[in-house]
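K.L.:
Following this message is one structure expressed as structure tokens.
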Amino acid sequence: MAEKEHLGPLMALASKTWRQALDQRLRPLGLSQAKWLCLLQLHRHPQLMAQGELAAVMGIEAATLVRLLDRLEADGWILRQIDPEDRRSNHVLMTDRARGIGREVEQAADDLRRDLLTGIPHEEVTVTLRVLRQLLDRARMKLQ
């Protein structure tokens with residue numbers, strides 16, 4: 001197999017394994033990976049976030065997100081508000097309880113990132129980020 005053919009599977013495996021490592025660190029909080037991923041995205045976007053935008057940043061279908069938000073709302077983690085300008089759309093807000101957990105999830109993510117990047121030269125991380133952004137931009141263009 002040519003070296004370039006390893007790129008896609010390796011990126012997917014690295015992403016999956018990274019999430020699993022974070023999932024392991026967050027297990028004591030009692031949140032599923034889907035729940036903490038959603039809370040992390042909401043924590044990183046403290047302003048009102050439209051459900052469609054949240055689904056897009058999470059990389060999931062809107063219908064999948066609706067079921068997840070139903071569970072999060074029932075558990076007291078989020079609230080949904082109807083968009084006054086478009087009554088077909090909802091905005092998602094974190095509850096005070098969720099904001100505290102959001103900070104814990106963010107801290108765990110920061111700690112894991114620091115642990116995983118320790119010993120990798122800054123220049124290599126910079127090049128990797130540049131290449132990943134280029135790949136993402138090109139893949140997005142292919143989807144349009």
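Residues are referred to by chain and number: the chain letter is A, B, ... according to the order shown in the structure tokens, the number counts from 1 in that chain, and ligands are numbered separately from 1 in the order shown.
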Can you list, as a PyMOL selection string, every protein, DNA or RNA residue that comes within 12 Å of range 71-75 of chain A when you count only C-alpha atoms, leaving out same-chain residues fewer than 6 positions away?

P.N.:
chain A and resi 30-32+34-39+64-65+81+92-95+97-98

K.L.:
How would the residues just chosen look if you wrote them out with C-alpha atoms as a PDB file, in the first residue's frame?

P.N.:
```
ATOM      1  CA  GLY A  30     -21.500   9.369  33.847  1.00  0.00           C
ATOM      2  CA  LEU A  31     -21.908  10.922  30.406  1.00  0.00           C
ATOM      3  CA  SER A  32     -21.996   8.981  27.163  1.00  0.00           C
ATOM      4  CA  ALA A  34     -22.495  11.587  22.461  1.00  0.00           C
ATOM      5  CA  LYS A  35     -23.596  13.633  25.473  1.00  0.00           C
ATOM      6  CA  TRP A  36     -20.177  14.979  26.423  1.00  0.00           C
ATOM      7  CA  LEU A  37     -19.379  15.777  22.775  1.00  0.00           C
ATOM      8  CA  CYS A  38     -22.565  17.819  22.572  1.00  0.00           C
ATOM      9  CA  LEU A  39     -21.922  19.575  25.891  1.00  0.00           C
ATOM     10  CA  THR A  64     -29.829  12.135  15.425  1.00  0.00           C
ATOM     11  CA  LEU A  65     -29.215  15.390  17.264  1.00  0.00           C
ATOM     12  CA  GLN A  81     -35.824  27.861  22.793  1.00  0.00           C
ATOM     13  CA  VAL A  92     -29.914  25.225  22.418  1.00  0.00           C
ATOM     14  CA  LEU A  93     -28.767  26.595  25.781  1.00  0.00           C
ATOM     15  CA  MET A  94     -26.763  24.885  28.501  1.00  0.00           C
ATOM     16  CA  THR A  95     -28.222  24.874  32.003  1.00  0.00           C
ATOM     17  CA  ARG A  97     -25.504  22.389  35.783  1.00  0.00           C
ATOM     18  CA  ALA A  98     -24.230  21.719  32.256  1.00  0.00           C
TER      19      ALA A  98
END
```

K.L.:
For the interface of range 98-118 of chain A with range 4-23 of chain A (cut-off 9 Å, counting only C-alpha atoms), please tabulate each contacting residue of range 98-118 of chain A alongside its nearest pair of atoms and their separation in Å to one decimal, rows sorted by chain and increasing number, as a Markdown table.

P.N.:
```
| residue | atom | partner | partner_atom | distance |
| --- | --- | --- | --- | --- |
| A:Val105 | CA | A:Leu22 | CA | 8.7 |
| A:Ala108 | CA | A:Leu22 | CA | 7.1 |
| A:Ala109 | CA | A:Leu22 | CA | 6.5 |
| A:Leu112 | CA | A:Leu22 | CA | 6.8 |
| A:Arg113 | CA | A:Trp18 | CA | 8.8 |
| A:Leu116 | CA | A:Trp18 | CA | 8.9 |
```

K.L.:
Go ahead and compute the interatomic distance for CA of Asp110 in chain A and CA of Leu132 in chain A, in Å to one decimal.

P.N.:
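Taking CA of Asp110 in chain A as the start and CA of Leu132 in chain A as the end point, the length is 19.4 Å.
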
K.L.:
DSSP on the backbone: which residues in range 36-144 of chain A end up as alpha helix (DSSP H)? Give the answer as a ChimeraX atom specification.

P.N.:
/A:36-44,51-58,62-74,96-117,122-143
